[in-house]
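A.B. asks: The structure file work-v4.cif (mmCIF, C-alpha atoms) is provided below.
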data_input
#
loop_
_atom_site.label_atom_id
_atom_site.label_comp_id
_atom_site.auth_asym_id
_atom_site.auth_seq_id
_atom_site.Cartn_x
_atom_site.Cartn_y
_atom_site.Cartn_z
CA MET D 1 -10.31 -8.99 10.41
CA ARG D 2 -8.69 -10.25 13.60
CA LEU D 3 -9.26 -13.80 14.62
CA SER D 4 -6.41 -14.19 17.04
CA PRO D 5 -6.69 -12.88 20.55
CA LEU D 6 -5.49 -9.34 21.05
CA SER D 7 -2.25 -9.05 22.90
CA THR D 8 -1.19 -6.12 25.01
CA LEU D 9 2.49 -7.00 24.55
CA GLY D 10 4.39 -3.87 23.59
CA ARG D 11 1.24 -1.84 23.10
CA THR D 12 0.52 1.56 24.50
CA THR D 13 -2.11 4.10 23.69
CA MET D 14 -1.93 4.90 19.99
CA THR D 15 0.12 8.00 19.38
CA ARG D 16 -0.03 10.12 16.29
CA THR D 17 2.94 12.27 17.28
CA LEU D 18 5.09 12.56 14.20
CA LEU D 19 8.53 11.01 14.40
CA ASP D 20 11.67 13.08 13.97
CA ASN D 21 13.95 12.07 11.11
CA VAL D 22 16.31 9.87 13.17
CA ASN D 23 13.48 8.02 14.91
CA TYR D 24 11.71 7.61 11.56
CA ASP D 25 14.83 6.23 9.90
CA VAL D 26 15.47 3.77 12.74
CA LEU D 27 11.86 2.62 13.07
CA ASN D 28 11.48 2.44 9.30
CA THR D 29 14.52 0.17 9.08
CA ILE D 30 13.15 -2.12 11.80
CA ALA D 31 9.75 -2.23 10.11
CA LEU D 32 11.37 -3.06 6.77
CA LYS D 33 13.62 -5.77 8.21
CA LYS D 34 10.82 -6.99 10.55
CA MET D 35 13.50 -7.86 13.09
CA ALA D 36 16.95 -6.30 13.42
CA ALA D 37 19.87 -5.78 15.79
CA GLU D 38 21.45 -2.37 16.40
CA LYS D 39 24.40 -2.86 14.06
CA ALA D 40 22.18 -3.88 11.14
CA ILE D 41 19.88 -0.93 11.80
CA ALA D 42 22.84 1.46 11.76
CA ASP D 43 24.23 -0.04 8.58
CA ALA D 44 20.98 0.06 6.66
CA SER D 45 19.80 3.45 7.85
CA GLY D 46 23.07 5.36 7.90
CA VAL D 47 22.28 6.44 11.48
CA SER D 48 25.23 6.12 13.91
CA LEU D 49 25.23 3.28 16.44
CA GLY D 50 24.97 5.75 19.32
CA GLN D 51 21.95 7.45 17.78
CA VAL D 52 20.35 4.08 17.07
CA ALA D 53 20.63 3.08 20.75
CA THR D 54 19.05 6.34 21.86
CA ALA D 55 16.31 6.08 19.25
CA LEU D 56 15.50 2.50 20.27
CA ASP D 57 15.02 3.55 23.91
CA ASP D 58 12.75 6.33 22.74
CA LEU D 59 10.76 4.14 20.36
CA GLU D 60 10.36 1.40 22.96
CA SER D 61 9.03 3.89 25.51
CA GLN D 62 6.49 4.99 22.90
CA GLY D 63 5.36 1.40 22.36
CA LEU D 64 6.54 1.35 18.77
CA VAL D 65 9.27 -1.25 19.19
CA VAL D 66 9.63 -4.37 21.29
CA THR D 67 12.95 -6.09 21.96
CA ILE D 68 13.41 -9.85 22.11
CA GLY D 69 17.02 -10.62 23.04
CA THR D 70 19.22 -8.45 20.82
CA GLN D 71 16.57 -8.06 18.17
CA SER D 72 14.10 -5.21 17.83
CA LEU D 73 10.69 -5.84 16.29
CA PRO D 74 7.98 -3.36 15.32
CA THR D 75 4.71 -3.36 17.26
CA ASP D 76 1.34 -2.97 15.55
CA ASP D 77 1.58 0.79 16.17
CA ALA D 78 4.86 1.14 14.27
CA VAL D 79 3.58 1.20 10.72
CA PRO D 80 0.71 3.65 11.45
CA ALA D 81 3.29 5.99 13.04
CA LEU D 82 5.54 5.68 9.99
CA VAL D 83 2.65 6.19 7.58
CA ALA D 84 1.52 9.34 9.41
CA THR D 85 5.04 10.75 9.51
CA ALA D 86 5.80 9.90 5.88
CA ALA D 87 2.69 11.79 4.74
CA THR D 88 4.23 14.97 6.10
CA ARG D 89 7.90 14.27 5.50
CA TYR D 90 7.37 13.28 1.89
CA ALA D 91 4.47 15.54 0.93
CA ASN D 92 6.59 17.39 -1.66
CA LEU D 93 8.29 14.25 -2.93
CA ARG D 94 4.90 12.63 -3.58
CA ILE D 95 3.97 15.27 -6.15
CA ASP D 96 7.37 15.44 -7.86
CA PRO D 97 6.85 14.28 -11.49
CA ALA D 98 10.38 12.82 -11.64
CA VAL D 99 9.67 10.64 -8.60
CA LEU D 100 6.32 9.49 -9.93
CA GLU D 101 7.92 8.56 -13.24
CA MET D 102 10.61 6.71 -11.33
CA ALA D 103 7.97 4.77 -9.38
CA THR D 104 6.27 3.69 -12.61
CA LYS D 105 9.57 2.47 -14.04
CA PHE D 106 10.27 0.64 -10.79
CA GLU D 107 7.08 -1.41 -11.08
CA GLN D 108 8.25 -2.71 -14.47
CA VAL D 109 11.74 -3.51 -13.21
CA ASN D 110 10.32 -5.13 -10.06
CA GLY D 111 8.20 -7.60 -12.02
CA GLN D 112 11.26 -8.64 -14.03
CA PHE D 113 13.31 -8.93 -10.86
CA LEU D 114 10.86 -11.28 -9.10
CA LYS D 115 10.83 -13.55 -12.16
CA ALA D 116 14.63 -13.51 -12.30
CA ILE D 117 14.92 -14.47 -8.62
CA SER D 118 12.45 -17.31 -9.12
CA SER D 119 14.57 -18.46 -12.07
CA TRP D 120 17.59 -18.42 -9.78
CA GLN D 121 15.78 -20.64 -7.27
CA GLN D 122 14.02 -23.00 -9.67
CA VAL D 123 14.67 -24.43 -13.12
CA ASP D 124 11.86 -25.28 -15.52
CA VAL D 125 12.40 -28.86 -16.73
CA ALA D 126 9.73 -30.11 -19.13
CA GLY D 127 7.13 -27.84 -17.54
CA ARG D 128 8.01 -28.88 -14.01
CA LYS D 129 9.78 -26.51 -11.68
CA ILE D 130 12.60 -28.11 -9.77
CA THR D 131 15.10 -26.61 -7.37
CA ASN D 132 18.11 -25.10 -9.09
CA ASP D 133 21.09 -27.13 -7.86
CA HIS D 134 23.43 -24.62 -9.56
CA SER D 135 25.21 -27.34 -11.49
CA ASP D 136 24.58 -25.57 -14.82
CA SER D 137 27.01 -22.67 -14.75
CA GLU D 138 25.84 -21.38 -18.13
CA TYR D 139 22.23 -21.12 -16.89
CA ASP D 140 23.34 -19.48 -13.65
CA SER D 141 25.53 -16.98 -15.51
CA LYS D 142 22.60 -15.87 -17.64
CA VAL D 143 20.38 -15.35 -14.59
CA LEU D 144 23.14 -13.50 -12.72
CA ASP D 145 23.77 -11.28 -15.72
CA ARG D 146 20.05 -10.49 -15.85
CA LEU D 147 19.98 -9.70 -12.13
CA ASP D 148 23.06 -7.50 -12.43
CA LYS D 149 21.41 -5.46 -15.20
CA LEU D 150 18.20 -5.09 -13.19
CA VAL D 151 20.11 -3.95 -10.09
CA SER D 152 22.01 -1.42 -12.21
CA ARG D 153 18.71 -0.05 -13.50
CA LEU D 154 17.35 0.16 -9.98
CA VAL D 155 20.43 2.00 -8.69
CA GLN D 156 19.85 4.59 -11.43
CA LEU D 157 16.23 4.95 -10.33
CA ILE D 158 17.24 5.32 -6.68
CA ALA D 159 19.32 8.37 -7.61
CA VAL D 160 16.05 10.19 -8.36
CA LEU D 161 14.94 9.66 -4.76
CA SER D 162 18.36 10.50 -3.34
CA HIS D 163 18.05 14.00 -4.76
CA GLN D 164 15.11 14.50 -2.40
CA ASP D 165 16.34 12.54 0.63
CA GLY D 166 19.94 11.41 0.98
CA ARG D 167 19.00 8.38 3.10
CA PHE D 168 18.10 6.49 -0.07
CA ASP D 169 21.79 6.48 -1.00
CA ARG D 170 22.23 3.66 1.51
CA TYR D 171 20.34 1.34 -0.82
CA ALA D 172 22.81 1.99 -3.64
CA VAL D 173 25.74 1.32 -1.28
CA ARG D 174 24.14 -1.91 -0.04
CA PHE D 175 23.27 -3.12 -3.56
CA ILE D 176 26.81 -2.52 -4.78
CA ARG D 177 28.22 -4.37 -1.77
CA ALA D 178 25.91 -7.36 -2.34
CA THR D 179 26.48 -7.57 -6.09
CA ASP D 180 30.24 -7.31 -5.58
CA LEU D 181 30.04 -10.32 -3.25
CA VAL D 182 27.98 -12.25 -5.80
CA LEU D 183 30.46 -11.45 -8.56
CA ALA D 184 33.24 -12.62 -6.25
CA GLY D 185 31.49 -16.00 -6.10
CA ASP D 186 29.48 -15.77 -2.87
CA LEU D 187 26.17 -16.82 -4.40
CA ALA D 188 24.28 -16.70 -1.09
CA TYR D 189 24.19 -12.95 -1.61
CA VAL D 190 21.71 -13.39 -4.46
CA SER D 191 18.70 -14.36 -2.40
CA SER D 192 19.54 -15.69 1.07
CA PRO D 193 16.96 -14.30 3.50
CA THR D 194 19.33 -14.19 6.47
CA ILE D 195 22.02 -11.89 5.06
CA GLU D 196 22.22 -8.63 3.13
CA SER D 197 21.34 -10.35 -0.14
CA VAL D 198 20.24 -8.58 -3.30
CA HIS D 199 16.70 -9.89 -2.84
CA ASN D 200 16.47 -8.72 0.77
CA ILE D 201 17.71 -5.24 -0.09
CA TRP D 202 15.42 -5.06 -3.11
CA PHE D 203 12.43 -6.08 -1.03
CA GLU D 204 13.20 -3.51 1.65
CA PHE D 205 13.55 -0.81 -0.98
CA HIS D 206 10.17 -1.73 -2.49
CA GLU D 207 8.44 -1.52 0.89
CA ASP D 208 10.23 1.74 1.66
CA LEU D 209 9.25 3.24 -1.69
CA LEU D 210 5.58 2.37 -1.17
CA ARG D 211 5.56 3.93 2.30
CA THR D 212 7.42 6.99 1.04
CA LEU D 213 4.86 7.49 -1.72
CA GLY D 214 1.88 6.56 0.46
CA GLN D 215 0.93 3.64 -1.74
CA GLU D 216 -0.37 0.15 -0.95
CA ARG D 217 1.29 -3.02 -2.11
CA GLY D 218 -0.67 -5.09 -4.60
CA GLU D 219 -0.76 -8.88 -4.59
CA MET C 220 -9.84 -41.69 3.87
CA THR C 221 -7.91 -38.45 3.27
CA THR C 222 -9.82 -35.19 3.62
CA VAL C 223 -8.33 -32.29 1.68
CA LEU C 224 -9.58 -29.10 3.31
CA ALA C 225 -7.91 -26.69 0.90
CA GLU C 226 -5.70 -26.51 -2.17
CA GLY C 227 -3.51 -23.86 -3.72
CA PHE C 228 -0.32 -23.15 -5.63
CA ASN C 229 2.68 -25.01 -4.31
CA ALA C 230 5.61 -22.61 -3.75
CA PHE C 231 8.03 -25.50 -4.21
CA GLU C 232 7.96 -29.28 -4.40
CA THR C 233 9.27 -31.09 -1.35
CA THR C 234 8.83 -34.33 0.54
CA LYS C 235 8.59 -32.36 3.78
CA SER C 236 5.11 -32.85 5.16
CA PRO C 237 4.66 -30.58 8.17
CA GLU C 238 1.83 -31.15 10.63
CA GLY C 239 0.35 -28.68 13.06
CA THR C 240 -2.62 -26.67 14.20
CA VAL C 241 -3.59 -23.86 11.85
CA LYS C 242 -3.05 -20.43 13.38
CA TYR C 243 -4.20 -17.25 11.66
CA LEU C 244 -1.75 -14.35 11.86
CA GLY C 245 -3.35 -11.02 11.05
CA SER C 246 -0.80 -8.52 12.27
CA PRO C 247 2.82 -8.05 13.36
CA GLN C 248 1.58 -8.30 16.97
CA ASP C 249 0.24 -11.79 16.30
CA VAL C 250 3.71 -12.80 15.07
CA ILE C 251 5.43 -11.28 18.12
CA GLN C 252 2.99 -13.08 20.41
CA LEU C 253 3.57 -16.40 18.65
CA LEU C 254 7.35 -16.04 18.73
CA SER C 255 7.22 -15.10 22.41
CA SER C 256 5.06 -18.14 23.20
CA GLY C 257 7.74 -20.57 22.07
CA LYS C 258 5.07 -22.58 20.24
CA LEU C 259 5.94 -21.57 16.68
CA ALA C 260 6.75 -25.14 15.63
CA GLU C 261 3.31 -26.39 16.69
CA HIS C 262 1.50 -24.36 14.06
CA ILE C 263 0.83 -24.17 10.36
CA LEU C 264 0.60 -20.42 9.78
CA LEU C 265 -2.33 -18.95 7.87
CA VAL C 266 -1.93 -15.44 6.42
CA ARG C 267 -3.79 -13.31 3.95
CA GLY C 268 -1.24 -12.62 1.30
CA GLY C 269 1.92 -13.50 -0.52
CA THR C 270 3.13 -10.08 0.49
CA THR C 271 2.38 -10.53 4.18
CA THR C 272 5.77 -9.14 5.03
CA PHE C 273 5.44 -9.31 8.82
CA LEU C 274 5.76 -13.08 8.62
CA SER C 275 9.52 -12.89 7.93
CA PRO C 276 10.62 -13.23 11.59
CA ALA C 277 8.51 -16.38 11.94
CA LEU C 278 10.19 -17.88 8.89
CA SER C 279 13.67 -17.10 10.14
CA MET C 280 12.83 -18.53 13.57
CA GLY C 281 11.66 -21.90 12.29
CA ALA C 282 8.07 -21.79 11.01
CA ILE C 283 7.19 -25.29 9.77
CA GLY C 284 4.51 -24.51 7.17
CA ILE C 285 2.48 -21.70 5.65
CA ILE C 286 -0.88 -21.27 3.96
CA THR C 287 -1.65 -18.00 2.18
CA MET C 288 -5.04 -16.83 0.96
CA SER C 289 -3.63 -14.75 -1.91
CA GLY C 290 -0.34 -14.20 -3.70
CA ALA C 291 1.73 -16.14 -6.22
CA PRO C 292 4.77 -18.41 -5.86
CA GLU C 293 6.79 -15.60 -7.48
CA SER C 294 5.81 -13.18 -4.70
CA HIS C 295 8.12 -12.19 -1.88
CA LEU C 296 6.74 -14.78 0.51
CA GLY C 297 7.02 -17.50 -2.13
CA ILE C 298 10.66 -16.58 -2.68
CA LEU C 299 11.31 -16.57 1.08
CA SER C 300 9.60 -19.92 1.63
CA ARG C 301 11.89 -21.50 -0.97
CA GLU C 302 14.94 -19.92 0.62
CA PHE C 303 13.95 -21.23 4.05
CA GLN C 304 12.63 -24.48 2.54
CA THR C 305 9.41 -23.91 4.47
CA PRO C 306 6.47 -25.63 2.71
CA CYS C 307 3.97 -23.03 1.52
CA VAL C 308 0.55 -23.43 -0.10
CA MET C 309 -0.38 -20.16 -1.81
CA THR C 310 -3.74 -18.64 -2.73
CA ALA C 311 -5.39 -21.59 -1.07
CA TYR C 312 -9.13 -22.14 -1.48
CA LEU C 313 -11.53 -24.32 0.49
CA THR C 314 -12.49 -27.49 -1.32
CA SER C 315 -15.91 -27.21 0.35
CA SER C 316 -16.56 -23.71 -1.02
CA ASP C 317 -16.97 -22.08 -4.43
CA SER C 318 -15.31 -18.89 -3.24
CA ARG C 319 -12.01 -18.19 -5.02
CA TYR C 320 -9.55 -15.36 -4.55
CA VAL C 321 -9.63 -12.83 -7.37
CA VAL C 322 -7.00 -10.08 -7.41
CA GLY C 323 -8.55 -6.75 -6.48
CA LYS C 324 -12.04 -8.22 -6.15
CA SER C 325 -12.13 -10.59 -3.19
CA GLY C 326 -13.54 -8.93 -0.12
CA ASP C 327 -13.24 -9.72 3.57
CA ALA C 328 -15.92 -12.41 3.34
CA HIS C 329 -13.62 -14.66 1.29
CA PHE C 330 -10.77 -14.37 3.79
CA GLU C 331 -13.03 -14.70 6.81
CA GLU C 332 -14.59 -17.88 5.45
CA MET C 333 -11.13 -19.32 4.84
CA ALA C 334 -9.89 -18.44 8.32
CA ALA C 335 -13.05 -19.66 10.05
CA ASN C 336 -12.81 -23.03 8.31
CA LEU C 337 -9.10 -23.57 8.82
CA GLU C 338 -8.07 -21.97 12.11
CA GLY C 339 -7.66 -24.48 14.93
CA LYS C 340 -7.72 -27.51 12.62
CA HIS C 341 -4.95 -30.08 12.91
CA VAL C 342 -3.60 -30.41 9.39
CA ARG C 343 -0.72 -31.66 7.31
CA LEU C 344 0.63 -29.92 4.22
CA ASP C 345 1.05 -32.18 1.21
CA VAL C 346 3.43 -30.36 -1.11
CA THR C 347 4.79 -33.26 -3.13
CA ASP C 348 3.17 -32.07 -6.37
CA SER C 349 5.11 -29.49 -8.37
CA GLU C 350 2.04 -27.32 -8.95
CA VAL C 351 -0.63 -28.02 -6.32
CA GLY C 352 -0.22 -27.81 -2.56
CA ARG C 353 -2.83 -29.48 -0.35
CA VAL C 354 -4.02 -28.90 3.21
CA VAL C 355 -4.99 -32.30 4.60
CA LEU C 356 -7.15 -32.72 7.73
CA MET C 357 -5.50 -34.97 10.32
CA ASP C 358 -8.21 -35.38 12.96
#
Have the structure of the file written as structure tokens, please.

C.D. replies:
Amino acid sequence: MRLSPLSTLGRTTMTRTLLDNVNYDVLNTIALKKMAAEKAIADASGVSLGQVATALDDLESQGLVVTIGTQSLPTDDAVPALVATAATRYANLRIDPAVLEMATKFEQVNGQFLKAISSWQQVDVAGRKITNDHSDSEYDSKVLDRLDKLVSRLVQLIAVLSHQDGRFDRYAVRFIRATDLVLAGDLAYVSSPTIESVHNIWFEFHEDLLRTLGQERGE
Amino acid sequence: MTTVLAEGFNAFETTKSPEGTVKYLGSPQDVIQLLSSGKLAEHILLVRGGTTTFLSPALSMGAIGIITMSGAPESHLGILSREFQTPCVMTAYLTSSDSRYVVGKSGDAHFEEMAANLEGKHVRLDVTDSEVGRVVLMD
């Protein structure tokens, strides 16, 4: 269904040429973040800044990325290119029983995580959800403890993927950095959408996992 | 007399009451086009799902209100809307129609009917109730 007018902005003829690993990692990071500057792309992907700049030029010339100011955004052709490449790059991973078991465990942990984040944002008072003003330190501590346990479980699950592709190690590094900041008292790193918060990293990992496995996200 | 075009789950209760013309966003390209137009703040954004992840740039660049046709307040988009304090009516349904979103069962017809009835309308989001968000016709 497309009800808005088609735009030609950033579009070229659809290409099904598979992406090399660096271009995949850079484009995948942009697609996961939806909008990212070079430094953030390098940090999240583990690709050097120099390689990121080269990859962005390449991806833009292929019509897979468009730049607005300092930010790179994926075009409509980006995800199809990633999906096609992932099918080949991760063909063996997709039939690995350990990975499939990991993915099943992730779904359980993910459901608990989304509830925990909602509990961080809102407090149930007599059946009415109101914004958590973080004045109840005991309540907050319980939610943070829950989130910390869930992140620890996820980091263990990520190790299964890292055996197959070392790029997934970046998620563990980023989670540890974010949780350390939370434990140090910077509570914005729980769920702020504009920084490397636990929720942002978690969400990116979920999207990445689905693409890696060739699965669709459910509602 | 107030005309409520659609209702759904309210992602969070707020006295904010954004007004704008409903614009359906079906793809990342639609978002890029809207951001490039500089008219983001004129629109209430209509998307299919609570997991419509390509909407994130619009939220971070100042989207004023969102209507989703599926998804729960606990979904990613619900969480983001609370973080950005952007009013968001989720799994909205038309008050003039019996069609309701059912996970895994609703086909394109449901979404197309929603979009056809909402796109281009000048509306206001009433999200003052803790549970129900309303899309109110302004013209």

A.B. asks: Check every residue of chain C for an atom within 8 Å of chain D, counting all atoms listed in the file, and provide those that qualify as a PDB file with C-alpha atoms, in the frame of the given file.

C.D. replies:
ATOM      1  CA  PHE C 231       8.030 -25.500  -4.210  1.00  0.00           C
ATOM      2  CA  GLU C 232       7.960 -29.280  -4.400  1.00  0.00           C
ATOM      3  CA  LYS C 242      -3.050 -20.430  13.380  1.00  0.00           C
ATOM      4  CA  TYR C 243      -4.200 -17.250  11.660  1.00  0.00           C
ATOM      5  CA  LEU C 244      -1.750 -14.350  11.860  1.00  0.00           C
ATOM      6  CA  GLY C 245      -3.350 -11.020  11.050  1.00  0.00           C
ATOM      7  CA  SER C 246      -0.800  -8.520  12.270  1.00  0.00           C
ATOM      8  CA  PRO C 247       2.820  -8.050  13.360  1.00  0.00           C
ATOM      9  CA  GLN C 248       1.580  -8.300  16.970  1.00  0.00           C
ATOM     10  CA  ASP C 249       0.240 -11.790  16.300  1.00  0.00           C
ATOM     11  CA  ILE C 251       5.430 -11.280  18.120  1.00  0.00           C
ATOM     12  CA  GLN C 252       2.990 -13.080  20.410  1.00  0.00           C
ATOM     13  CA  GLY C 268      -1.240 -12.620   1.300  1.00  0.00           C
ATOM     14  CA  GLY C 269       1.920 -13.500  -0.520  1.00  0.00           C
ATOM     15  CA  THR C 270       3.130 -10.080   0.490  1.00  0.00           C
ATOM     16  CA  THR C 272       5.770  -9.140   5.030  1.00  0.00           C
ATOM     17  CA  PHE C 273       5.440  -9.310   8.820  1.00  0.00           C
ATOM     18  CA  SER C 275       9.520 -12.890   7.930  1.00  0.00           C
ATOM     19  CA  PRO C 276      10.620 -13.230  11.590  1.00  0.00           C
ATOM     20  CA  SER C 279      13.670 -17.100  10.140  1.00  0.00           C
ATOM     21  CA  SER C 289      -3.630 -14.750  -1.910  1.00  0.00           C
ATOM     22  CA  GLY C 290      -0.340 -14.200  -3.700  1.00  0.00           C
ATOM     23  CA  ALA C 291       1.730 -16.140  -6.220  1.00  0.00           C
ATOM     24  CA  GLU C 293       6.790 -15.600  -7.480  1.00  0.00           C
ATOM     25  CA  SER C 294       5.810 -13.180  -4.700  1.00  0.00           C
ATOM     26  CA  HIS C 295       8.120 -12.190  -1.880  1.00  0.00           C
ATOM     27  CA  ILE C 298      10.660 -16.580  -2.680  1.00  0.00           C
ATOM     28  CA  LEU C 299      11.310 -16.570   1.080  1.00  0.00           C
ATOM     29  CA  ARG C 301      11.890 -21.500  -0.970  1.00  0.00           C
ATOM     30  CA  GLU C 302      14.940 -19.920   0.620  1.00  0.00           C
ATOM     31  CA  PHE C 303      13.950 -21.230   4.050  1.00  0.00           C
ATOM     32  CA  VAL C 322      -7.000 -10.080  -7.410  1.00  0.00           C
ATOM     33  CA  ASP C 327     -13.240  -9.720   3.570  1.00  0.00           C
ATOM     34  CA  GLU C 331     -13.030 -14.700   6.810  1.00  0.00           C
ATOM     35  CA  ALA C 334      -9.890 -18.440   8.320  1.00  0.00           C
ATOM     36  CA  SER C 349       5.110 -29.490  -8.370  1.00  0.00           C
ATOM     37  CA  GLU C 350       2.040 -27.320  -8.950  1.00  0.00           C
TER      38      GLU C 350
END

A.B. asks: To one decimal place in Å, what is the distance between atom CA of Gln156 of chain D and atom CA of Asp140 of chain D?

C.D. replies: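 So the two atoms, atom CA of Gln156 of chain D and atom CA of Asp140 of chain D, lie 24.4 Å apart.
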
A.B. asks: Go through C:Gly352, C:Gly323, C:Gly284, C:Gly339 one by one, measure the shortest atom-to-atom distance of each to Ala230 of chain C using all atoms listed in the file, and give the residue with the smallest value.

C.D. replies: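 Of all the options, C:Gly352 lies closest to Ala230 of chain C.
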
A.B. asks: Box for segment 345-350 of chain C: with edges along x, y and z, all listed atoms inside and 3 Å added on each side, what are the centre and edge lengths in Å to one decimal, as JSON?

C.D. replies:
{"center_x": 3.1, "center_y": -30.3, "center_z": -3.9, "size_x": 10.1, "size_y": 11.9, "size_z": 16.2}

A.B. asks: Pick the closest to Leu64 of chain D from D:Ala44, D:Ile30, D:Thr88, D:Lys39: which is it, counting only C-alpha atoms?

C.D. replies: D:Ile30

A.B. asks: Using the chain letters and numbers from the file, give me the residues hit by the PyMOL selection byres ((chain C and resi 237) around 6), as an MDAnalysis selection string.

C.D. replies: chainID C and resid 236 238 343:344

A.B. asks: In Å, with one decimal, what is the gap from atom CA of Leu93 of chain D to atom CA of Gln164 of chain D?

C.D. replies: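 Atom-to-atom, atom CA of Leu93 of chain D and atom CA of Gln164 of chain D are spaced 6.8 Å apart.
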
A.B. asks: Which residues are close to Val223 of chain C, i.e. within 10 Å by all atoms listed in the file, leaving aside same-chain residues fewer than 4 positions away? Reply as a PDB file with C-alpha atoms, keeping the file's coordinate frame.

C.D. replies:
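Saved as selection-v4.pdb:
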ATOM      1  CA  LEU C 313     -11.530 -24.320   0.490  1.00  0.00           C
ATOM      2  CA  THR C 314     -12.490 -27.490  -1.320  1.00  0.00           C
ATOM      3  CA  SER C 315     -15.910 -27.210   0.350  1.00  0.00           C
ATOM      4  CA  VAL C 342      -3.600 -30.410   9.390  1.00  0.00           C
ATOM      5  CA  ARG C 343      -0.720 -31.660   7.310  1.00  0.00           C
ATOM      6  CA  LEU C 344       0.630 -29.920   4.220  1.00  0.00           C
ATOM      7  CA  ASP C 345       1.050 -32.180   1.210  1.00  0.00           C
ATOM      8  CA  ARG C 353      -2.830 -29.480  -0.350  1.00  0.00           C
ATOM      9  CA  VAL C 354      -4.020 -28.900   3.210  1.00  0.00           C
ATOM     10  CA  VAL C 355      -4.990 -32.300   4.600  1.00  0.00           C
ATOM     11  CA  LEU C 356      -7.150 -32.720   7.730  1.00  0.00           C
ATOM     12  CA  MET C 357      -5.500 -34.970  10.320  1.00  0.00           C
TER      13      MET C 357
END

A.B. asks: With all atoms listed in the file as the counted atoms, please give the residues lying no more than 8 Å from Met333 of chain C, apart from itself and same-chain residues fewer than 2 positions off, as an mmCIF file with C-alpha atoms, in the frame of the given file.

C.D. replies:
data_model
loop_
_atom_site.group_PDB
_atom_site.id
_atom_site.type_symbol
_atom_site.label_atom_id
_atom_site.label_comp_id
_atom_site.auth_asym_id
_atom_site.auth_seq_id
_atom_site.Cartn_x
_atom_site.Cartn_y
_atom_site.Cartn_z
ATOM 1 C CA MET C 288 -5.040 -16.830 0.960
ATOM 2 C CA TYR C 312 -9.130 -22.140 -1.480
ATOM 3 C CA LEU C 313 -11.530 -24.320 0.490
ATOM 4 C CA HIS C 329 -13.620 -14.660 1.290
ATOM 5 C CA PHE C 330 -10.770 -14.370 3.790
ATOM 6 C CA GLU C 331 -13.030 -14.700 6.810
ATOM 7 C CA ALA C 335 -13.050 -19.660 10.050
ATOM 8 C CA ASN C 336 -12.810 -23.030 8.310
ATOM 9 C CA LEU C 337 -9.100 -23.570 8.820
#

A.B. asks: Would you please work out which residue, of D:Asn92, D:Ser61, D:Ser72, D:Asn132, is nearest to Thr29 of chain D when using all atoms listed in the file?

C.D. replies: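 Nearest to Thr29 of chain D: D:Ser72.
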
A.B. asks: Work out how far apart atom CA of Ser152 of chain D and atom CA of Asp186 of chain D are and give it in Å to one decimal.

C.D. replies: 18.7 Å

A.B. asks: Which residues are near Arg174 of chain D? Cut-off 10 Å, all atoms listed in the file, ignore same chain within fewer than 2 positions. Put them as a ChimeraX atom specification.

C.D. replies: /D:43-44,169-172,176-180,196-198,201-202

A.B. asks: What's the 9 Å shell around Leu144 of chain D, counting only C-alpha atoms, without same-chain residues fewer than 5 positions away, as a PyMOL selection string?

C.D. replies: chain D and resi 116+120+139+149+182-183+190

A.B. asks: Gly166 of chain D: which residues within 12 Å, counting all atoms listed in the file, same-chain residues fewer than 4 positions away excluded, as a list in words?

C.D. replies: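 Near neighbours after the sequence-gap exclusion: Asn21, Asp25, Ser45, Gly46, Val47, Ile158, Ala159, Val160, Leu161, Ser162, Arg170, Tyr171, Ala172 and Val173 of chain D.
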